[in-house]
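*Asks:* Sharing entry.cif, mmCIF, C-alpha atoms:
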```
data_run
loop_
_atom_site.label_atom_id
_atom_site.label_comp_id
_atom_site.auth_asym_id
_atom_site.auth_seq_id
_atom_site.Cartn_x
_atom_site.Cartn_y
_atom_site.Cartn_z
CA MET E 1 61.04 159.67 26.25
CA ASN E 2 62.15 161.90 29.07
CA PHE E 3 60.54 161.30 32.48
CA THR E 4 61.06 163.17 35.77
CA GLN E 5 59.26 163.01 39.09
CA THR E 6 59.48 164.68 42.50
CA ARG E 7 58.90 162.55 45.59
CA GLY E 8 57.18 163.15 48.88
CA ALA E 9 58.12 161.64 52.24
CA THR E 10 59.15 158.01 52.73
CA PRO E 11 56.13 155.76 53.44
CA ALA E 12 55.37 155.47 57.16
CA TYR E 13 55.65 151.69 57.28
CA PRO E 14 57.65 149.71 58.12
CA ALA E 15 58.49 151.74 61.22
CA PRO E 16 62.22 152.45 61.70
CA GLY E 17 61.93 151.74 65.43
CA GLU E 18 60.71 148.18 64.82
CA VAL E 19 63.44 147.41 62.26
CA ALA E 20 66.09 148.99 64.52
CA LEU E 21 64.99 146.89 67.47
CA GLU E 22 64.91 143.68 65.47
CA ALA E 23 68.28 144.23 63.78
CA ALA E 24 70.02 145.87 66.76
CA VAL E 25 70.93 149.05 64.84
CA THR E 26 70.20 152.74 65.41
CA GLN E 27 66.89 154.21 64.27
CA ASP E 28 68.71 156.52 61.85
CA ARG E 29 70.40 153.55 60.18
CA ALA E 30 67.11 151.65 60.06
CA ALA E 31 65.34 154.67 58.49
CA ALA E 32 68.07 154.95 55.84
CA LEU E 33 67.87 151.23 55.04
CA ILE E 34 64.07 151.39 54.82
CA ALA E 35 64.26 154.31 52.37
CA THR E 36 66.83 152.39 50.32
CA SER E 37 64.64 149.29 50.37
CA TRP E 38 61.62 151.27 49.14
CA ALA E 39 63.73 152.61 46.25
CA MET E 40 64.93 149.08 45.43
CA ALA E 41 61.36 147.75 45.49
CA GLU E 42 60.26 150.53 43.14
CA THR E 43 63.10 149.80 40.73
CA PHE E 44 62.44 146.06 40.84
CA THR E 45 58.70 146.34 40.20
CA GLY E 46 58.52 149.44 38.00
CA ARG E 47 55.86 150.89 40.31
CA ASN E 48 55.76 153.90 42.62
CA TYR E 49 55.27 153.37 46.34
CA TRP E 50 56.42 156.78 47.59
CA PRO E 51 54.04 159.70 47.12
CA VAL E 52 54.76 161.58 43.87
CA THR E 53 54.18 165.31 44.23
CA ALA E 54 55.07 166.21 40.63
CA ALA E 55 55.87 164.26 37.47
CA GLN E 56 56.24 164.99 33.80
CA PHE E 57 57.24 163.19 30.63
CA THR E 58 57.88 164.25 27.08
CA ALA E 59 57.59 161.85 24.18
CA GLU E 60 56.85 161.69 20.49
CA ALA E 61 53.66 159.93 19.46
CA GLY E 62 54.31 157.11 17.02
CA GLU E 63 52.12 155.65 14.30
CA ALA E 64 49.79 154.15 16.91
CA CYS E 65 48.99 157.71 18.06
CA GLU E 66 49.08 156.79 21.75
CA LEU E 67 51.30 157.29 24.80
CA TRP E 68 51.46 155.53 28.18
CA TRP E 69 52.30 156.96 31.60
CA PRO E 70 55.71 155.41 32.41
CA ARG E 71 55.07 154.43 36.05
CA SER E 72 52.19 152.83 37.88
CA PRO E 73 49.96 154.03 39.45
CA ALA E 74 49.23 156.72 36.88
CA PRO E 75 47.92 160.10 38.02
CA VAL E 76 44.17 160.70 38.09
CA SER E 77 44.51 163.88 36.08
CA VAL E 78 47.13 165.17 33.63
CA MET E 79 47.77 168.31 31.59
CA VAL E 80 48.61 167.56 27.94
CA GLU E 81 50.64 169.96 25.80
CA ARG E 82 51.88 169.62 22.23
CA LEU E 83 55.01 171.24 20.82
CA SER E 84 54.01 173.75 18.16
CA GLY E 85 56.92 175.64 16.64
CA ARG E 86 59.07 176.27 19.70
CA GLN E 87 56.29 176.56 22.25
CA TRP E 88 54.21 174.15 24.28
CA VAL E 89 50.51 174.72 23.66
CA PRO E 90 47.62 173.01 25.48
CA ASP E 91 46.13 170.15 23.49
CA ASP E 92 42.69 168.84 24.40
CA GLY E 93 42.53 166.38 21.49
CA PRO E 94 44.09 163.35 23.19
CA MET E 95 41.92 161.38 25.62
CA TYR E 96 43.45 160.23 28.92
CA ASP E 97 42.37 157.05 30.75
CA ALA E 98 43.59 157.40 34.35
CA PRO E 99 43.39 153.77 35.55
CA SER E 100 45.66 152.55 32.77
CA GLY E 101 47.68 155.75 32.23
CA HIS E 102 46.82 155.60 28.51
CA LEU E 103 46.76 158.72 26.34
CA ALA E 104 44.92 157.96 23.07
CA PHE E 105 44.19 159.90 19.90
CA CYS E 106 47.50 161.78 19.81
CA ALA E 107 48.67 163.33 16.53
CA PRO E 108 51.16 160.97 14.86
CA GLY E 109 54.72 162.31 14.98
CA ALA E 110 53.81 165.17 17.35
CA ARG E 111 55.90 165.80 20.46
CA TYR E 112 53.88 165.86 23.70
CA ARG E 113 54.55 166.99 27.25
CA VAL E 114 52.30 165.33 29.82
CA THR E 115 52.30 166.76 33.36
CA GLN E 116 50.75 165.19 36.46
CA VAL E 117 48.09 167.31 38.18
CA GLY E 118 47.91 166.88 41.97
CA THR E 119 49.72 164.32 44.09
CA VAL E 120 49.70 160.58 43.52
CA THR E 121 49.70 158.69 46.81
CA PRO E 122 50.07 154.95 46.15
CA ALA E 123 48.78 152.47 48.69
CA PRO E 124 51.23 149.55 48.75
CA GLY E 125 49.79 146.22 49.81
CA ALA E 126 50.77 144.54 53.06
CA HIS E 127 52.96 142.08 51.14
CA VAL E 128 54.98 144.98 49.67
CA VAL E 129 55.46 146.56 53.11
CA GLU E 130 56.59 143.15 54.45
CA ALA E 131 59.02 142.73 51.54
CA VAL E 132 60.53 146.16 52.24
CA ARG E 133 60.81 145.31 55.95
CA ALA E 134 62.52 142.00 55.17
CA LEU E 135 64.90 143.66 52.75
CA ALA E 136 65.81 146.41 55.24
CA LEU E 137 66.31 143.83 58.00
CA TYR E 138 68.47 141.67 55.76
CA GLN E 139 70.64 144.64 54.82
CA ALA E 140 70.97 145.77 58.45
CA ILE E 141 71.97 142.34 59.73
CA ASN E 142 74.25 141.39 56.84
CA SER E 143 75.93 144.74 56.14
CA ALA E 144 79.68 144.91 55.75
CA ALA E 145 79.91 146.86 59.01
CA ARG E 146 78.38 143.90 60.89
CA ARG E 147 80.24 140.96 59.37
CA GLU E 148 81.89 140.30 62.71
CA PHE E 149 78.43 140.03 64.30
CA ARG E 150 77.88 136.54 65.69
CA GLN E 151 74.97 136.91 68.09
CA VAL E 152 72.58 139.44 69.58
CA GLN E 153 71.23 139.21 73.11
CA ALA E 154 67.96 140.95 73.88
CA GLY E 155 66.42 140.29 77.25
CA ASP E 156 65.85 136.54 77.63
CA SER E 157 66.64 135.54 74.04
CA THR E 158 69.79 135.09 72.02
CA LEU E 159 69.76 135.09 68.23
CA THR E 160 72.69 134.00 66.12
CA ARG E 161 73.40 135.33 62.66
CA GLU E 162 73.86 131.83 61.28
CA ALA E 163 70.36 130.81 62.40
CA MET E 164 68.82 133.84 60.67
CA GLY E 165 70.83 133.55 57.42
CA GLY E 166 68.80 130.73 55.88
CA LEU E 167 65.51 132.37 56.78
CA PHE E 168 66.37 135.61 55.02
CA GLN E 169 67.70 133.84 51.96
CA ALA E 170 64.68 131.57 51.71
CA SER E 171 62.16 134.38 52.21
CA GLY E 172 63.80 137.11 50.13
CA ALA E 173 61.98 140.27 49.24
CA GLY E 174 62.33 139.57 45.51
CA ILE E 175 60.03 136.57 45.61
CA VAL E 176 57.41 138.54 47.55
CA LEU E 177 57.56 141.41 45.07
CA ALA E 178 57.47 139.22 41.95
CA GLY E 179 53.73 139.67 41.55
CA GLU E 180 54.13 143.46 41.65
CA VAL E 181 56.43 143.68 38.64
CA ARG E 182 54.99 145.91 35.93
CA TRP E 183 55.69 144.50 32.47
#
```
Using structure tokens, write down the structure that the file contains.
*Replies:*
Amino acid sequence: MNFTQTRGATPAYPAPGEVALEAAVTQDRAAALIATSWAMAETFTGRNYWPVTAAQFTAEAGEACELWWPRSPAPVSVMVERLSGRQWVPDDGPMYDAPSGHLAFCAPGARYRVTQVGTVTPAPGAHVVEAVRALALYQAINSAARREFRQVQAGDSTLTREAMGGLFQASGAGIVLAGEVRW
């Protein structure tokens, strides 16, 4: 199987300004860490959280005569083509079930190209957004560039790195995202 996708803009939440303020880093650094955290969450769970503007996969149908969209959520509509000779021709024989991303009734042994129609805009749950925020914060506070960091003073409060270390380890993003993993 060969799968490619084109992404839209980084999800709006968590806001870089909030992460930057909490971790005492610049907004640019916070935005970069948030984007990295979204990518890590997607890799960990096997789901898409960024908008997908275009996606396509090619695969050969096996004996079961069915194919599955490789990432969740699957697009609402797809265009199905079958390789005939050396050309891709539209094939309206297979039936596509959008909620599951299942393409049934394919010809056994035929090579298919399935292309997403429209944009898929996933709606990550609040727990996923919180996991991404926690992961970005953890990376910002514990990055190699900040190892010398001992404490941050903001207004009336002082926060030490040692006091925060156990909290981030105990409430890691991985445990929050465990229920999102696509098997």
*Asks:* Using the chain letters and numbers from the file, give me the residues hit by the PyMOL selection byres ((chain E and resi 25) around 12), as a list in words.
*Replies:*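 Here the PyMOL selection byres ((chain E and resi 25) around 12) matches Pro16, Gly17, Glu18, Val19, Ala20, Leu21, Glu22, Ala23, Ala24, Thr26, Gln27, Asp28, Arg29, Ala30, Ala31, Ala32, Leu33, Ala136, Leu137, Tyr138, Gln139, Ala140, Ile141, Asn142, Ser143, Ala145, Arg146, Phe149 and Val152 of chain E.
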*Asks:* How about saving the chosen residues, C-alpha atoms kept, as a PDB file, keeping the file's coordinate frame?
*Replies:*
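Final output, selection17.pdb:
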```pdb
ATOM      1  CA  PRO E  16      62.220 152.450  61.700  1.00  0.00           C
ATOM      2  CA  GLY E  17      61.930 151.740  65.430  1.00  0.00           C
ATOM      3  CA  GLU E  18      60.710 148.180  64.820  1.00  0.00           C
ATOM      4  CA  VAL E  19      63.440 147.410  62.260  1.00  0.00           C
ATOM      5  CA  ALA E  20      66.090 148.990  64.520  1.00  0.00           C
ATOM      6  CA  LEU E  21      64.990 146.890  67.470  1.00  0.00           C
ATOM      7  CA  GLU E  22      64.910 143.680  65.470  1.00  0.00           C
ATOM      8  CA  ALA E  23      68.280 144.230  63.780  1.00  0.00           C
ATOM      9  CA  ALA E  24      70.020 145.870  66.760  1.00  0.00           C
ATOM     10  CA  THR E  26      70.200 152.740  65.410  1.00  0.00           C
ATOM     11  CA  GLN E  27      66.890 154.210  64.270  1.00  0.00           C
ATOM     12  CA  ASP E  28      68.710 156.520  61.850  1.00  0.00           C
ATOM     13  CA  ARG E  29      70.400 153.550  60.180  1.00  0.00           C
ATOM     14  CA  ALA E  30      67.110 151.650  60.060  1.00  0.00           C
ATOM     15  CA  ALA E  31      65.340 154.670  58.490  1.00  0.00           C
ATOM     16  CA  ALA E  32      68.070 154.950  55.840  1.00  0.00           C
ATOM     17  CA  LEU E  33      67.870 151.230  55.040  1.00  0.00           C
ATOM     18  CA  ALA E 136      65.810 146.410  55.240  1.00  0.00           C
ATOM     19  CA  LEU E 137      66.310 143.830  58.000  1.00  0.00           C
ATOM     20  CA  TYR E 138      68.470 141.670  55.760  1.00  0.00           C
ATOM     21  CA  GLN E 139      70.640 144.640  54.820  1.00  0.00           C
ATOM     22  CA  ALA E 140      70.970 145.770  58.450  1.00  0.00           C
ATOM     23  CA  ILE E 141      71.970 142.340  59.730  1.00  0.00           C
ATOM     24  CA  ASN E 142      74.250 141.390  56.840  1.00  0.00           C
ATOM     25  CA  SER E 143      75.930 144.740  56.140  1.00  0.00           C
ATOM     26  CA  ALA E 145      79.910 146.860  59.010  1.00  0.00           C
ATOM     27  CA  ARG E 146      78.380 143.900  60.890  1.00  0.00           C
ATOM     28  CA  PHE E 149      78.430 140.030  64.300  1.00  0.00           C
ATOM     29  CA  VAL E 152      72.580 139.440  69.580  1.00  0.00           C
TER      30      VAL E 152
END
```
*Asks:* Can you tell me, as a PyMOL selection string, what residues are no more than 9 Å from Ser100 of chain E when counting only C-alpha atoms, ignoring any on the same chain fewer than 5 positions away?
*Replies:* chain E and resi 68-69+72-74
*Asks:* Mind pulling up the distance from atom CA of Pro122 of chain E to atom CA of Ile34 of chain E?
*Replies:*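 Pair atom CA of Ile34 of chain E / atom CA of Pro122 of chain E returns 16.8 Å.
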*Asks:* Report the distance between atom CA of Met1 of chain E and atom CA of Ala59 of chain E in Å, rounded to one decimal place.
*Replies:*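 Separating atom CA of Met1 of chain E from atom CA of Ala59 of chain E is a distance of 4.6 Å.
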*Asks:* With a cut-off of 8 Å, could you pull out the residues of segment 4-88 of chain E touching segment 109-118 of chain E and give me the nearest pair of atoms for each, distance in Å to one decimal, using all atoms listed in the file, ordered by chain and ascending number, as a tab-separated table?
*Replies:*
```
residue	atom	partner	partner_atom	distance
E:Thr53	CA	E:Gly118	CA	6.8
E:Ala54	CA	E:Gln116	CA	6.1
E:Ala55	CA	E:Gln116	CA	5.3
E:Gln56	CA	E:Thr115	CA	4.3
E:Phe57	CA	E:Val114	CA	5.4
E:Thr58	CA	E:Arg113	CA	4.3
E:Ala59	CA	E:Tyr112	CA	5.5
E:Glu60	CA	E:Arg111	CA	4.2
E:Ala61	CA	E:Gly109	CA	5.2
E:Gly62	CA	E:Gly109	CA	5.6
E:Glu63	CA	E:Gly109	CA	7.2
E:Cys65	CA	E:Gly109	CA	8.0
E:Pro75	CA	E:Gln116	CA	6.0
E:Val76	CA	E:Val117	CA	7.7
E:Ser77	CA	E:Val117	CA	5.4
E:Val78	CA	E:Gln116	CA	4.6
E:Met79	CA	E:Thr115	CA	5.1
E:Val80	CA	E:Val114	CA	4.7
E:Glu81	CA	E:Arg113	CA	5.1
E:Arg82	CA	E:Tyr112	CA	4.5
E:Leu83	CA	E:Arg111	CA	5.5
E:Trp88	CA	E:Arg113	CA	7.8
```
*Asks:* Do you know which residues are at most 9 Å from Val129 of chain E counting all atoms listed in the file, after dropping those on the same chain fewer than 3 positions away, and could you put them as a list in words?
*Replies:*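 Near Val129 of chain E, the qualifying residues are Tyr13, Pro14, Trp38, Pro124, Gly125, Ala126, Val132, Arg133 and Ala134 of chain E.
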*Asks:* Return the single residue from E:Pro51, E:Gly93, E:Pro99, E:Pro70 that is closest to Thr121 of chain E, with distances computed using all atoms listed in the file.
*Replies:* E:Pro51
*Asks:* Which one of E:Tyr96, E:Ala131, E:Phe105, E:Glu66 sits closest to Glu42 of chain E if you count all atoms listed in the file?
*Replies:*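 Looking only at the distances to Glu42 of chain E, the closest residue turns out to be E:Ala131.
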*Asks:* Can you measure atom CA of Trp50 of chain E to atom CA of Val120 of chain E for me? One decimal in Å is fine.
*Replies:*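 The value is 8.7 Å.
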*Asks:* Calculated over all atoms listed in the file, which of the candidates E:Asn48, E:Leu135, E:Gly85, E:Ala123 has the smallest distance to Thr36 of chain E?
*Replies:*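 Once distances to Thr36 of chain E are computed over all atoms listed in the file, the minimum belongs to E:Leu135.
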*Asks:* Quick one: 4 Å padding each side, axis-aligned, all listed atoms of segment 29-38 of chain E - centre and edge lengths in Å to one decimal, as lines of an AutoDock Vina configuration file?
*Replies:*
```
center_x = 66.0
center_y = 152.1
center_z = 54.7
size_x = 16.8
size_y = 13.7
size_z = 19.0
```
*Asks:* I'd like to know which of E:Val128, E:Ala35, E:Val52, E:Leu103 is closest to Thr10 of chain E, using all atoms listed in the file.
*Replies:* E:Ala35
*Asks:* Which residue out of E:Leu67, E:His127, E:Ala9, E:Phe3 has the minimum interatomic distance to His102 of chain E when all atoms listed in the file are used?
*Replies:*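 Among the listed residues, the smallest separation from His102 of chain E belongs to E:Leu67.
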